[in-house]
Structures are given as C-alpha cells and as structure tokens.
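Colleague: Input structure: input.cif, which contains mmCIF, C-alpha atoms.
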data_run
loop_
_atom_site.group_PDB
_atom_site.id
_atom_site.type_symbol
_atom_site.label_atom_id
_atom_site.label_comp_id
_atom_site.auth_asym_id
_atom_site.auth_seq_id
_atom_site.Cartn_x
_atom_site.Cartn_y
_atom_site.Cartn_z
ATOM 1 C CA MET A 1 44.161 2.637 46.074
ATOM 2 C CA ASN A 2 43.897 0.042 43.333
ATOM 3 C CA ILE A 3 41.331 -1.515 41.029
ATOM 4 C CA LYS A 4 40.716 -4.525 43.310
ATOM 5 C CA GLN A 5 39.831 -2.224 46.213
ATOM 6 C CA LEU A 6 37.470 -0.228 44.007
ATOM 7 C CA GLU A 7 35.902 -3.411 42.660
ATOM 8 C CA ALA A 8 35.262 -4.645 46.227
ATOM 9 C CA PHE A 9 33.845 -1.249 47.234
ATOM 10 C CA LYS A 10 31.484 -1.207 44.254
ATOM 11 C CA ALA A 11 30.241 -4.732 44.986
ATOM 12 C CA VAL A 12 29.602 -3.975 48.676
ATOM 13 C CA VAL A 13 27.646 -0.815 47.832
ATOM 14 C CA GLU A 14 25.514 -2.605 45.239
ATOM 15 C CA LEU A 15 24.845 -5.711 47.353
ATOM 16 C CA GLY A 16 24.776 -4.126 50.822
ATOM 17 C CA SER A 17 26.783 -6.975 52.279
ATOM 18 C CA PHE A 18 30.427 -7.969 52.603
ATOM 19 C CA THR A 19 29.437 -11.636 52.389
ATOM 20 C CA ARG A 20 27.452 -11.273 49.149
ATOM 21 C CA ALA A 21 30.175 -9.075 47.687
ATOM 22 C CA ALA A 22 32.711 -11.806 48.490
ATOM 23 C CA GLU A 23 30.532 -14.367 46.683
ATOM 24 C CA ARG A 24 30.280 -12.184 43.574
ATOM 25 C CA LEU A 25 34.043 -11.585 43.508
ATOM 26 C CA HIS A 26 34.909 -15.197 44.370
ATOM 27 C CA LEU A 27 36.832 -14.055 47.446
ATOM 28 C CA SER A 28 36.560 -14.763 51.136
ATOM 29 C CA GLN A 29 34.629 -12.352 53.358
ATOM 30 C CA PRO A 30 37.803 -11.406 55.318
ATOM 31 C CA ALA A 31 39.579 -10.630 52.036
ATOM 32 C CA VAL A 32 36.821 -8.200 51.024
ATOM 33 C CA SER A 33 36.877 -6.608 54.513
ATOM 34 C CA LYS A 34 40.628 -6.084 54.186
ATOM 35 C CA LEU A 35 40.283 -4.484 50.749
ATOM 36 C CA ILE A 36 37.668 -2.053 52.108
ATOM 37 C CA MET A 37 39.814 -1.280 55.161
ATOM 38 C CA LEU A 38 42.807 -0.464 52.927
ATOM 39 C CA LEU A 39 40.616 1.711 50.702
ATOM 40 C CA GLU A 40 39.243 3.611 53.724
ATOM 41 C CA ARG A 41 42.782 4.142 54.958
ATOM 42 C CA SER A 42 43.814 5.469 51.546
ATOM 43 C CA CYS A 43 40.777 7.786 51.352
ATOM 44 C CA GLY A 44 41.060 9.030 54.941
ATOM 45 C CA PHE A 45 37.363 8.583 55.778
ATOM 46 C CA ALA A 46 34.854 5.823 56.531
ATOM 47 C CA LEU A 47 32.989 4.358 53.577
ATOM 48 C CA PHE A 48 30.249 2.345 55.308
ATOM 49 C CA HIS A 49 27.941 2.345 58.300
ATOM 50 C CA ARG A 50 27.883 -1.193 59.733
ATOM 51 C CA GLN A 51 24.393 -2.422 60.646
ATOM 52 C CA LYS A 52 23.058 -5.728 61.949
ATOM 53 C CA ASN A 53 21.587 -6.751 58.594
ATOM 54 C CA GLY A 54 24.338 -5.338 56.374
ATOM 55 C CA VAL A 55 26.081 -2.092 55.515
ATOM 56 C CA ILE A 56 25.112 1.172 53.879
ATOM 57 C CA PRO A 57 27.523 3.720 52.425
ATOM 58 C CA THR A 58 28.334 6.905 54.299
ATOM 59 C CA ALA A 59 27.677 10.239 52.626
ATOM 60 C CA GLU A 60 31.341 10.282 51.595
ATOM 61 C CA GLY A 61 30.995 6.687 50.397
ATOM 62 C CA GLU A 62 28.011 7.691 48.222
ATOM 63 C CA MET A 63 30.069 10.452 46.624
ATOM 64 C CA LEU A 64 32.991 8.123 45.995
ATOM 65 C CA HIS A 65 30.665 5.475 44.552
ATOM 66 C CA SER A 66 29.480 7.892 41.845
ATOM 67 C CA GLU A 67 33.071 8.403 40.738
ATOM 68 C CA VAL A 68 33.884 4.679 40.939
ATOM 69 C CA GLU A 69 30.913 3.883 38.693
ATOM 70 C CA ARG A 70 32.344 6.225 36.064
ATOM 71 C CA VAL A 71 35.701 4.466 36.361
ATOM 72 C CA PHE A 72 34.125 1.076 35.793
ATOM 73 C CA LEU A 73 32.075 2.345 32.876
ATOM 74 C CA GLY A 74 35.390 3.405 31.345
ATOM 75 C CA VAL A 75 36.878 -0.018 32.059
ATOM 76 C CA GLU A 76 33.863 -1.698 30.450
ATOM 77 C CA SER A 77 34.238 0.585 27.439
ATOM 78 C CA VAL A 78 37.915 -0.341 27.110
ATOM 79 C CA SER A 79 37.023 -4.022 27.480
ATOM 80 C CA ALA A 80 34.332 -3.738 24.799
ATOM 81 C CA ARG A 81 36.753 -1.925 22.502
ATOM 82 C CA ALA A 82 39.397 -4.625 23.012
ATOM 83 C CA ARG A 83 36.783 -7.293 22.267
ATOM 84 C CA ALA A 84 35.742 -5.502 19.067
ATOM 85 C CA ILE A 85 39.370 -5.184 17.947
ATOM 86 C CA ARG A 86 39.926 -8.877 18.673
ATOM 87 C CA GLN A 87 36.845 -9.756 16.615
ATOM 88 C CA LEU A 88 38.037 -7.461 13.772
ATOM 89 C CA ASP A 89 34.968 -5.283 14.317
ATOM 90 C CA TYR A 90 36.618 -1.961 15.059
ATOM 91 C CA GLY A 91 38.912 0.393 13.209
ATOM 92 C CA GLU A 92 39.318 2.029 9.838
ATOM 93 C CA ILE A 93 40.860 0.545 6.706
ATOM 94 C CA GLU A 94 41.751 2.660 3.689
ATOM 95 C CA ILE A 95 41.885 0.796 0.387
ATOM 96 C CA VAL A 96 42.955 1.899 -3.073
ATOM 97 C CA ALA A 97 42.344 -0.378 -6.066
ATOM 98 C CA PHE A 98 42.552 -0.252 -9.836
ATOM 99 C CA PRO A 99 39.257 1.051 -11.279
ATOM 100 C CA SER A 100 37.673 -2.099 -12.715
ATOM 101 C CA LEU A 101 38.229 -3.881 -9.404
ATOM 102 C CA ALA A 102 37.112 -0.952 -7.226
ATOM 103 C CA THR A 103 33.920 -0.197 -9.121
ATOM 104 C CA ARG A 104 32.772 -3.526 -10.560
ATOM 105 C CA VAL A 105 34.041 -6.451 -8.503
ATOM 106 C CA LEU A 106 35.063 -5.268 -5.036
ATOM 107 C CA PRO A 107 31.655 -3.907 -3.823
ATOM 108 C CA PRO A 108 29.887 -7.273 -3.311
ATOM 109 C CA ILE A 109 33.048 -8.819 -1.842
ATOM 110 C CA LEU A 110 33.387 -5.981 0.680
ATOM 111 C CA ALA A 111 29.657 -6.021 1.421
ATOM 112 C CA HIS A 112 29.914 -9.667 2.446
ATOM 113 C CA PHE A 113 32.988 -8.943 4.593
ATOM 114 C CA LEU A 114 31.392 -5.975 6.375
ATOM 115 C CA ARG A 115 28.020 -7.590 6.991
ATOM 116 C CA SER A 116 29.175 -9.086 10.296
ATOM 117 C CA LYS A 117 31.428 -6.162 11.253
ATOM 118 C CA PRO A 118 29.227 -3.111 11.936
ATOM 119 C CA GLY A 119 32.013 -1.356 13.845
ATOM 120 C CA LEU A 120 34.540 -1.467 10.987
ATOM 121 C CA ARG A 121 34.856 1.471 8.602
ATOM 122 C CA VAL A 122 36.358 1.157 5.115
ATOM 123 C CA THR A 123 37.333 3.861 2.638
ATOM 124 C CA VAL A 124 37.778 2.831 -1.001
ATOM 125 C CA SER A 125 39.304 4.931 -3.761
ATOM 126 C CA SER A 126 40.444 4.002 -7.256
ATOM 127 C CA ARG A 127 43.676 4.796 -9.072
ATOM 128 C CA ASN A 128 45.473 3.166 -11.936
ATOM 129 C CA SER A 129 48.025 0.579 -10.885
ATOM 130 C CA TRP A 130 50.990 2.961 -11.079
ATOM 131 C CA LEU A 131 49.431 5.781 -9.065
ATOM 132 C CA LEU A 132 48.072 3.510 -6.345
ATOM 133 C CA VAL A 133 51.618 2.398 -5.513
ATOM 134 C CA ASP A 134 52.482 6.053 -4.846
ATOM 135 C CA ARG A 135 49.439 6.423 -2.588
ATOM 136 C CA VAL A 136 50.350 3.382 -0.513
ATOM 137 C CA ALA A 137 53.965 4.551 -0.244
ATOM 138 C CA SER A 138 53.314 8.145 0.720
ATOM 139 C CA GLN A 139 49.750 8.739 1.912
ATOM 140 C CA GLY A 140 49.042 6.223 4.652
ATOM 141 C CA VAL A 141 46.806 3.874 2.662
ATOM 142 C CA ASP A 142 46.518 0.490 4.399
ATOM 143 C CA VAL A 143 46.004 -1.779 1.384
ATOM 144 C CA GLY A 144 46.308 -1.387 -2.360
ATOM 145 C CA PHE A 145 45.149 -3.829 -5.014
ATOM 146 C CA GLY A 146 47.007 -3.290 -8.275
ATOM 147 C CA MET A 147 48.279 -5.000 -11.422
ATOM 148 C CA VAL A 148 51.836 -3.667 -11.218
ATOM 149 C CA ALA A 149 54.701 -4.762 -8.950
ATOM 150 C CA ILE A 150 57.718 -2.479 -9.083
ATOM 151 C CA GLU A 151 60.771 -1.758 -6.955
ATOM 152 C CA ARG A 152 59.662 1.030 -4.648
ATOM 153 C CA PRO A 153 61.003 1.961 -1.182
ATOM 154 C CA GLY A 154 58.414 1.730 1.570
ATOM 155 C CA VAL A 155 56.135 -0.707 -0.282
ATOM 156 C CA ARG A 156 55.825 -4.488 -0.332
ATOM 157 C CA PHE A 157 54.041 -6.586 -2.951
ATOM 158 C CA ASP A 158 52.357 -9.964 -2.534
ATOM 159 C CA ARG A 159 50.683 -11.789 -5.397
ATOM 160 C CA LEU A 160 46.962 -11.980 -4.673
ATOM 161 C CA CYS A 161 45.768 -14.004 -7.697
ATOM 162 C CA SER A 162 46.112 -14.256 -11.472
ATOM 163 C CA MET A 163 43.743 -14.059 -14.438
ATOM 164 C CA ASP A 164 43.910 -14.655 -18.188
ATOM 165 C CA ALA A 165 43.273 -11.930 -20.742
ATOM 166 C CA VAL A 166 40.135 -12.076 -22.875
ATOM 167 C CA CYS A 167 39.205 -10.645 -26.251
ATOM 168 C CA VAL A 168 36.168 -8.361 -26.368
ATOM 169 C CA LEU A 169 34.216 -7.826 -29.581
ATOM 170 C CA PRO A 170 31.222 -5.651 -30.391
ATOM 171 C CA ALA A 171 27.940 -7.510 -30.767
ATOM 172 C CA GLY A 172 27.540 -8.931 -34.274
ATOM 173 C CA HIS A 173 31.265 -8.962 -35.039
ATOM 174 C CA ARG A 174 32.396 -11.434 -37.702
ATOM 175 C CA LEU A 175 34.449 -13.381 -35.128
ATOM 176 C CA ALA A 176 31.703 -13.527 -32.474
ATOM 177 C CA ALA A 177 30.819 -17.159 -33.247
ATOM 178 C CA ARG A 178 34.335 -18.410 -32.569
ATOM 179 C CA PRO A 179 34.892 -20.071 -29.173
ATOM 180 C CA VAL A 180 38.456 -18.743 -28.936
ATOM 181 C CA ILE A 181 40.088 -15.727 -30.546
ATOM 182 C CA GLU A 182 43.682 -16.128 -31.714
ATOM 183 C CA ALA A 183 45.960 -13.116 -32.121
ATOM 184 C CA GLY A 184 46.249 -13.927 -35.815
ATOM 185 C CA ASP A 185 42.456 -13.724 -36.185
ATOM 186 C CA LEU A 186 42.676 -9.997 -35.415
ATOM 187 C CA HIS A 187 45.168 -9.154 -38.166
ATOM 188 C CA GLY A 188 44.039 -5.875 -39.744
ATOM 189 C CA GLU A 189 41.222 -5.351 -37.221
ATOM 190 C CA ARG A 190 40.402 -1.939 -35.833
ATOM 191 C CA PHE A 191 41.762 -2.138 -32.291
ATOM 192 C CA VAL A 192 41.201 -0.313 -28.997
ATOM 193 C CA ALA A 193 44.406 -0.407 -26.935
ATOM 194 C CA MET A 194 45.637 0.779 -23.583
ATOM 195 C CA VAL A 195 48.156 3.606 -23.428
ATOM 196 C CA GLU A 196 51.791 2.561 -23.905
ATOM 197 C CA GLU A 197 52.895 2.927 -20.291
ATOM 198 C CA ASP A 198 50.457 0.226 -19.184
ATOM 199 C CA ARG A 199 52.505 -2.914 -18.462
ATOM 200 C CA ALA A 200 49.582 -5.222 -19.234
ATOM 201 C CA GLN A 201 49.334 -3.677 -22.702
ATOM 202 C CA LEU A 202 52.983 -4.518 -23.311
ATOM 203 C CA LYS A 203 52.145 -8.204 -22.804
ATOM 204 C CA VAL A 204 49.297 -7.929 -25.299
ATOM 205 C CA ASP A 205 51.488 -6.123 -27.833
ATOM 206 C CA ARG A 206 54.115 -8.871 -27.519
ATOM 207 C CA ALA A 207 51.506 -11.553 -28.236
ATOM 208 C CA PHE A 208 50.586 -9.878 -31.529
ATOM 209 C CA SER A 209 54.200 -9.162 -32.431
ATOM 210 C CA ASP A 210 55.270 -12.768 -31.861
ATOM 211 C CA CYS A 211 52.729 -14.074 -34.374
ATOM 212 C CA GLY A 212 53.208 -11.255 -36.896
ATOM 213 C CA ALA A 213 49.649 -9.972 -36.582
ATOM 214 C CA ARG A 214 49.231 -6.236 -37.184
ATOM 215 C CA ARG A 215 46.299 -4.293 -35.756
ATOM 216 C CA ASP A 216 44.836 -0.986 -36.788
ATOM 217 C CA VAL A 217 44.974 0.838 -33.426
ATOM 218 C CA VAL A 218 42.310 3.510 -33.792
ATOM 219 C CA LEU A 219 41.954 4.518 -30.135
ATOM 220 C CA LYS A 220 43.940 4.349 -26.902
ATOM 221 C CA ALA A 221 42.453 4.600 -23.429
ATOM 222 C CA GLN A 222 43.876 4.733 -19.928
ATOM 223 C CA LEU A 223 41.333 2.391 -18.323
ATOM 224 C CA THR A 224 40.435 -1.117 -19.447
ATOM 225 C CA GLU A 225 36.739 -0.651 -18.688
ATOM 226 C CA ALA A 226 36.875 2.401 -20.981
ATOM 227 C CA CYS A 227 38.295 0.134 -23.678
ATOM 228 C CA CYS A 228 35.293 -2.155 -23.207
ATOM 229 C CA SER A 229 32.899 0.787 -23.507
ATOM 230 C CA PHE A 230 34.523 1.864 -26.772
ATOM 231 C CA VAL A 231 34.316 -1.705 -28.085
ATOM 232 C CA ALA A 232 30.632 -1.842 -27.111
ATOM 233 C CA ALA A 233 30.163 1.357 -29.129
ATOM 234 C CA GLY A 234 31.539 -0.449 -32.199
ATOM 235 C CA ILE A 235 34.876 1.357 -32.508
ATOM 236 C CA GLY A 236 36.961 -1.830 -32.628
ATOM 237 C CA VAL A 237 38.055 -4.887 -30.641
ATOM 238 C CA ALA A 238 40.291 -5.118 -27.569
ATOM 239 C CA VAL A 239 42.195 -7.521 -25.348
ATOM 240 C CA VAL A 240 41.640 -6.805 -21.650
ATOM 241 C CA ASP A 241 41.470 -8.405 -18.213
ATOM 242 C CA PRO A 242 38.178 -10.261 -17.563
ATOM 243 C CA LEU A 243 37.221 -8.055 -14.589
ATOM 244 C CA SER A 244 36.761 -5.123 -16.958
ATOM 245 C CA THR A 245 33.946 -6.972 -18.733
ATOM 246 C CA VAL A 246 31.770 -7.304 -15.613
ATOM 247 C CA ASP A 247 28.334 -5.625 -15.830
ATOM 248 C CA PHE A 248 28.359 -5.331 -19.622
ATOM 249 C CA ALA A 249 25.295 -7.050 -21.085
ATOM 250 C CA PRO A 250 25.760 -9.842 -23.677
ATOM 251 C CA GLY A 251 24.128 -7.566 -26.215
ATOM 252 C CA GLN A 252 26.887 -4.988 -25.686
ATOM 253 C CA LEU A 253 30.010 -7.152 -25.660
ATOM 254 C CA VAL A 254 31.057 -10.573 -26.870
ATOM 255 C CA VAL A 255 33.776 -11.954 -24.593
ATOM 256 C CA ARG A 256 36.005 -14.826 -25.712
ATOM 257 C CA PRO A 257 39.211 -16.478 -24.448
ATOM 258 C CA PHE A 258 42.328 -15.045 -26.087
ATOM 259 C CA ARG A 259 45.335 -16.989 -27.333
ATOM 260 C CA PRO A 260 48.272 -17.014 -26.959
ATOM 261 C CA LEU A 261 47.718 -16.964 -23.232
ATOM 262 C CA VAL A 262 48.358 -13.577 -21.603
ATOM 263 C CA THR A 263 48.275 -13.719 -17.819
ATOM 264 C CA TYR A 264 47.801 -10.757 -15.528
ATOM 265 C CA ASP A 265 48.769 -10.805 -11.854
ATOM 266 C CA ILE A 266 46.869 -8.881 -9.196
ATOM 267 C CA TRP A 267 49.059 -7.719 -6.317
ATOM 268 C CA THR A 268 48.405 -6.710 -2.759
ATOM 269 C CA VAL A 269 50.337 -3.505 -2.098
ATOM 270 C CA THR A 270 51.018 -2.602 1.540
ATOM 271 C CA PRO A 271 53.356 -0.213 3.391
ATOM 272 C CA SER A 272 56.580 -1.945 4.425
ATOM 273 C CA TYR A 273 57.313 0.504 7.244
ATOM 274 C CA ARG A 274 54.460 -0.684 9.468
ATOM 275 C CA GLU A 275 52.594 -3.856 10.290
ATOM 276 C CA ILE A 276 49.326 -4.683 8.558
ATOM 277 C CA PRO A 277 46.461 -4.429 11.109
ATOM 278 C CA LEU A 278 44.652 -7.675 11.891
ATOM 279 C CA ALA A 279 41.408 -6.393 10.359
ATOM 280 C CA ALA A 280 43.258 -5.459 7.153
ATOM 281 C CA GLN A 281 44.865 -8.911 7.059
ATOM 282 C CA ALA A 282 41.428 -10.494 7.343
ATOM 283 C CA LEU A 283 40.091 -8.212 4.608
ATOM 284 C CA ILE A 284 42.953 -9.175 2.265
ATOM 285 C CA ALA A 285 42.258 -12.881 2.853
ATOM 286 C CA HIS A 286 38.550 -12.334 2.185
ATOM 287 C CA VAL A 287 39.250 -10.387 -1.025
ATOM 288 C CA ARG A 288 41.629 -13.131 -2.196
ATOM 289 C CA THR A 289 38.938 -15.785 -1.713
ATOM 290 C CA GLY A 290 36.164 -13.698 -3.260
ATOM 291 C CA LEU A 291 38.240 -12.495 -6.185
ATOM 292 C CA THR A 292 39.584 -15.953 -7.014
ATOM 293 C CA ALA A 293 36.024 -17.280 -7.056
ATOM 294 C CA ARG A 294 34.834 -14.387 -9.242
ATOM 295 C CA ILE A 295 37.636 -14.882 -11.767
ATOM 296 C CA ALA A 296 36.877 -18.618 -11.931
ATOM 297 C CA GLU A 297 33.195 -17.827 -12.474
ATOM 298 C CA LEU A 298 34.020 -15.436 -15.309
ATOM 299 C CA ALA A 299 36.356 -17.977 -16.912
ATOM 300 C CA GLY A 300 33.630 -20.594 -16.786
ATOM 301 C CA ARG A 301 31.117 -18.215 -18.323
ATOM 302 C CA ILE A 302 33.504 -17.163 -21.095
ATOM 303 C CA GLY A 303 34.418 -20.792 -21.798
ATOM 304 C CA THR A 304 37.749 -22.491 -22.285
ATOM 305 C CA PRO A 305 39.169 -24.017 -25.478
ATOM 306 C CA GLU A 306 39.409 -27.746 -26.058
#
Will you turn the file into structure tokens for me?
Modeller:
Amino acid sequence: MNIKQLEAFKAVVELGSFTRAAERLHLSQPAVSKLIMLLERSCGFALFHRQKNGVIPTAEGEMLHSEVERVFLGVESVSARARAIRQLDYGEIEIVAFPSLATRVLPPILAHFLRSKPGLRVTVSSRNSWLLVDRVASQGVDVGFGMVAIERPGVRFDRLCSMDAVCVLPAGHRLAARPVIEAGDLHGERFVAMVEEDRAQLKVDRAFSDCGARRDVVLKAQLTEACCSFVAAGIGVAVVDPLSTVDFAPGQLVVRPFRPLVTYDIWTVTPSYREIPLAAQALIAHVRTGLTARIAELAGRIGTPE
C-alpha cells in the first residue's frame, strides 16, 4: 500500500470512473486499474462494484475511503505548512533588543514586516546590550540587536548599521541656537551621563578628555532614553545615540550633531551553535533596511554641519 494507490482510490471514488480518475491523475486508464488492483490485493477485499456506467465503492471501500480522506487532509496540511515555511509565514522568532530600539524604533519596522505574514509569531523583549548577549547565548533567543560586540562562546556578531552620537539639550538652553555642539562648548555644563560600564559612554568620555573639556556630571543613568528624559526635565545636557531621542517633542529636547564624531555600531547577535531560520534571516534584513532608513531620517532632521 502506497500513496499513489491511495490517490488513485480516492480519485475513483470521487469521480465514479477509472477513466475520469486517470484523466485527473494524468495517467492511463490501465495504470489506474493496476493501482486499484494492487491496493485491493494489499487490503484483502474488493473496493468497487463494477457497473456498466462506472463503479461504486463497496461497503468496505466506503469505510476505507473515510480513512483515506483523513490521510489526504493530513498531507494537505503538511503541504500548506511547508508552503507557509517557504514563504516565511510560519514559525516563532524571539528577539531581544536594547531598550531604545525595542520600544521606540523597532515597532513600526516589525509591523511592516509582519503585515504580510499572519502566520508568523514574534516575541520582543528588551535588555541592555550586555545582558542581551547573555540571553542569546544561554536562553534560546533567535536574534539580538545590541550595541556591544564582545568575545563570548556560543554567540556570533554581525554589524547591522552605524549611527553618530548627538547632543541633547533642554529647551531654552543657551547653546540651543547652535547648529553643531562641540565637546568644548560643554565645558563646565551640568551633564547627564551613562553608567561607567557602558562602552558607548567610554567613547563619549574620551571625546571630552581629548579636548580638555570638563563636565559637571550630576546624574548617571543606565538607559540612554532615561538620560533624555532627565535632560528634558532640565537636569543637564547629554550625549546619546539618536534613536534615544525618538518620540520626544521639540519642546522637550533640542537635538544637535555632536563633534568630535562619536560613532556607535549596532550589532546583530545570534547563537553560533545553530543555524538562523530563514524567517529570522528575512527579519534581520528587513530591520537592517528599516533601521538604516530611520537613522538617515533622524540625521537629516537633526542637520549636519557645513
């Protein structure tokens, strides 16, 4: 008993004719007759009553047909599932991203990606760039988007895109009219900084150190969007990635290019011990395109120096 015999049996039952079944299956009528004969031999009972104008199933054939229909429903389900996987419209993807990306920038990018993929399920969580590496390495996360690339067993890093740091000022600040903020302009300013272990903050600190500018660090935060909130509250100024400034109104923050140039890299973090699923690969490519466009849009809005 094999699938070709069952397929021939199903067609004969539905069409009531060996000839019409042969036409549907693109076989000859003798080939269909042989398949049915072999199936009857395998079953040990007759499947059809032969009549002048066609065939009808025996009682045993009717019972077998019910079971065969269930088999073919299962085959159709498997075929539909394979088609959905091929079209990247089935499966689950777990993502972890640094907070300003996960909460402010990623939602519209993912919404566009998922609009044509109703069968795909995505879980998004946020962690700082150090902790998300641990989650990818040890907790089965498919894709991480972070700002730190470190040597870590079980994890691979690929640069997704880059962005330039910006200076954020509270509305009405004395430097708000300047098109570009230099590190030296902030000498003596009350400053909101990231905590010391943040690698991006080390780049910012080096920029001030190299030009001899000293800041009055009055507050340290763990998240860059928190830094922006404190700046909006008038506590001081900060130098952050541009994604952290998204969704703040112009009346809350003044955002300007910062010099000397401080560049942040965004990395795709994936497990090295298993392949990246096709749907996850497509998602990464879509995020790269969407994020690059968003960063370019923000840079254009902030302005660039002459």
Colleague: Translate the PyMOL selection byres ((chain A and resi 142-144) around 9) into a concrete residue list for this structure, as a ChimeraX atom specification.
Modeller: /A:93-98,129,132-133,135-136,140-141,145-146,267-271,276-277,280,284
Colleague: As a check of understanding, name the residues that the PyMOL selection byres ((chain A and resi 205-214) around 6) selects in the supplied structure, as a PyMOL selection string.
Modeller: chain A and resi 183-184+187-188+202-204+215
Colleague: Residues within 12 Å of A:Pro250, please, as a PDB file with C-alpha atoms, in the frame of the given file. Count all atoms listed in the file; anything in the same chain fewer than 6 positions from it doesn't count.
Modeller:
ATOM      1  CA  VAL A 168      36.168  -8.361 -26.368  1.00  0.00           C
ATOM      2  CA  LEU A 169      34.216  -7.826 -29.581  1.00  0.00           C
ATOM      3  CA  PRO A 170      31.222  -5.651 -30.391  1.00  0.00           C
ATOM      4  CA  ALA A 171      27.940  -7.510 -30.767  1.00  0.00           C
ATOM      5  CA  GLY A 172      27.540  -8.931 -34.274  1.00  0.00           C
ATOM      6  CA  ALA A 176      31.703 -13.527 -32.474  1.00  0.00           C
ATOM      7  CA  ALA A 232      30.632  -1.842 -27.111  1.00  0.00           C
ATOM      8  CA  ARG A 256      36.005 -14.826 -25.712  1.00  0.00           C
ATOM      9  CA  ARG A 301      31.117 -18.215 -18.323  1.00  0.00           C
ATOM     10  CA  ILE A 302      33.504 -17.163 -21.095  1.00  0.00           C
TER      11      ILE A 302
END
Colleague: Quick one: of A:Pro108, A:Ala177, A:Gly91, A:Val13, who's nearest to A:Val122, counting only C-alpha atoms?
Modeller: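 Nearest candidate to A:Val122 out of A:Pro108, A:Ala177, A:Gly91, A:Val13: A:Gly91.
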Colleague: Report the residues retrieved by the PyMOL selection byres ((chain A and resi 12) around 9) from the displayed file, expressed as number ranges by chain.
Modeller: A: 7-11, 13-22, 32, 36, 55-57
Colleague: Calculated over all atoms listed in the file, which of the candidates A:Leu131, A:Ala299, A:Met1, A:Leu186 has the smallest distance to A:Pro257?
Modeller: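 Checking each of A:Leu131, A:Ala299, A:Met1, A:Leu186 against A:Pro257, counting all atoms listed in the file, the winner is A:Ala299.
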Colleague: Between atom CA of A:Leu283 and atom CA of A:Gly154, what distance in Å does the model show, to one decimal?
Modeller: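 We find that atom CA of A:Leu283 and atom CA of A:Gly154 lie 21.1 Å from each other.
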Colleague: Residues at most 7 Å from stretch 63-70 of chain A, counting only C-alpha atoms, excluding those fewer than 3 positions away in the same chain, as a list in words?
Modeller: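 Selected residues are Leu6, Lys10, Ala59, Glu60, Leu73 and Gly74 of chain A.
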Colleague: Would you export the selected residues with C-alpha atoms as a PDB file, in the frame of the given file, please?
Modeller:
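Contents of out_13.pdb, freshly written:
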ATOM      1  CA  LEU A   6      37.470  -0.228  44.007  1.00  0.00           C
ATOM      2  CA  LYS A  10      31.484  -1.207  44.254  1.00  0.00           C
ATOM      3  CA  ALA A  59      27.677  10.239  52.626  1.00  0.00           C
ATOM      4  CA  GLU A  60      31.341  10.282  51.595  1.00  0.00           C
ATOM      5  CA  LEU A  73      32.075   2.345  32.876  1.00  0.00           C
ATOM      6  CA  GLY A  74      35.390   3.405  31.345  1.00  0.00           C
TER       7      GLY A  74
END
Colleague: So which residues touch stretch 238-243 of chain A within 10 Å, counting all atoms listed in the file, skipping near sequence neighbours fewer than 5 positions away, as a PyMOL selection string?
Modeller: chain A and resi 99-101+104-105+163-170+181+183+186+189-194+200-201+204-205+217+223-225+227-228+230-231+255-258+262-265+291+294-295+298-299+302
Colleague: Point out the residue among A:Gln5, A:Gln139, A:Asn128, A:Thr245 with the least atom-to-atom distance to A:Ala31, counting only C-alpha atoms.
Modeller: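 For A:Ala31, the nearest of the given residues is A:Gln5.
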Colleague: At what distance in Å, to one decimal, does atom CA of A:Ala137 lie from atom CA of A:Val246?
Modeller: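 Rounded to one decimal, the two atoms are 29.5 Å apart.
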Colleague: Mind giving me the axis-aligned box for stretch 92-96 of chain A with 3 Å on every side, centre plus edges in Å to one decimal, as JSON?
Modeller:
{"center_x": 41.1, "center_y": 1.6, "center_z": 3.4, "size_x": 9.6, "size_y": 8.1, "size_z": 18.9}
Colleague: Hey, can you pull every residue with an atom no more than 12 Å from (34.1, -15.7, -5.2), using only C-alpha atoms, and send it as a PyMOL selection string?
Modeller: chain A and resi 105-106+108-110+112-113+285-298
Colleague: Choose the residue, out of A:Gly300, A:Phe48, A:Leu38, A:Ala279, that has the smallest atom-to-atom separation from A:Gly119; count only C-alpha atoms.
Modeller: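 Ranked by minimum distance to A:Gly119, first place goes to A:Ala279.
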Colleague: Mind giving me the straight-line distance from atom CA of A:Val71 to atom CA of A:Glu92 in Å, one decimal?
Modeller: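 Here the two named atoms are 26.9 Å from each other.
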Colleague: Of the residues A:His49, A:Arg127, A:Pro179, A:Ile3, which is the one nearest to A:Phe72, using all atoms listed in the file?
Modeller: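 Closest to A:Phe72 of all the choices is A:Ile3.
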Colleague: Extract stretch 216-227 of chain A from the coordinates I pasted, and write it as a PDB file, in the first residue's frame (atoms kept: N, CA and C atoms).
Modeller:
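File out_17.pdb, as written:
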ATOM      1  N   ASP A 216      30.327  68.750  34.525  1.00  0.00           N
ATOM      2  CA  ASP A 216      29.836  68.564  35.897  1.00  0.00           C
ATOM      3  C   ASP A 216      28.773  67.457  35.848  1.00  0.00           C
ATOM      4  N   VAL A 217      29.214  66.206  36.032  1.00  0.00           N
ATOM      5  CA  VAL A 217      28.294  65.061  35.926  1.00  0.00           C
ATOM      6  C   VAL A 217      27.424  65.021  37.181  1.00  0.00           C
ATOM      7  N   VAL A 218      26.170  65.382  37.032  1.00  0.00           N
ATOM      8  CA  VAL A 218      25.268  65.477  38.172  1.00  0.00           C
ATOM      9  C   VAL A 218      24.368  64.247  38.302  1.00  0.00           C
ATOM     10  N   LEU A 219      24.298  63.431  37.243  1.00  0.00           N
ATOM     11  CA  LEU A 219      23.417  62.264  37.298  1.00  0.00           C
ATOM     12  C   LEU A 219      23.918  61.214  36.304  1.00  0.00           C
ATOM     13  N   LYS A 220      23.798  59.951  36.719  1.00  0.00           N
ATOM     14  CA  LYS A 220      24.144  58.838  35.828  1.00  0.00           C
ATOM     15  C   LYS A 220      22.937  57.916  35.714  1.00  0.00           C
ATOM     16  N   ALA A 221      22.697  57.447  34.505  1.00  0.00           N
ATOM     17  CA  ALA A 221      21.558  56.557  34.263  1.00  0.00           C
ATOM     18  C   ALA A 221      22.037  55.328  33.493  1.00  0.00           C
ATOM     19  N   GLN A 222      21.229  54.278  33.558  1.00  0.00           N
ATOM     20  CA  GLN A 222      21.604  53.040  32.876  1.00  0.00           C
ATOM     21  C   GLN A 222      21.095  52.992  31.441  1.00  0.00           C
ATOM     22  N   LEU A 223      20.049  53.765  31.133  1.00  0.00           N
ATOM     23  CA  LEU A 223      19.449  53.741  29.810  1.00  0.00           C
ATOM     24  C   LEU A 223      19.557  55.112  29.153  1.00  0.00           C
ATOM     25  N   THR A 224      19.860  55.123  27.862  1.00  0.00           N
ATOM     26  CA  THR A 224      20.030  56.404  27.175  1.00  0.00           C
ATOM     27  C   THR A 224      18.724  57.185  27.071  1.00  0.00           C
ATOM     28  N   GLU A 225      17.591  56.463  26.899  1.00  0.00           N
ATOM     29  CA  GLU A 225      16.328  57.206  26.852  1.00  0.00           C
ATOM     30  C   GLU A 225      16.009  57.836  28.202  1.00  0.00           C
ATOM     31  N   ALA A 226      16.506  57.215  29.298  1.00  0.00           N
ATOM     32  CA  ALA A 226      16.357  57.831  30.621  1.00  0.00           C
ATOM     33  C   ALA A 226      17.189  59.107  30.693  1.00  0.00           C
ATOM     34  N   CYS A 227      18.380  59.076  30.101  1.00  0.00           N
ATOM     35  CA  CYS A 227      19.195  60.290  30.046  1.00  0.00           C
ATOM     36  C   CYS A 227      18.428  61.416  29.358  1.00  0.00           C
TER      37      CYS A 227
END
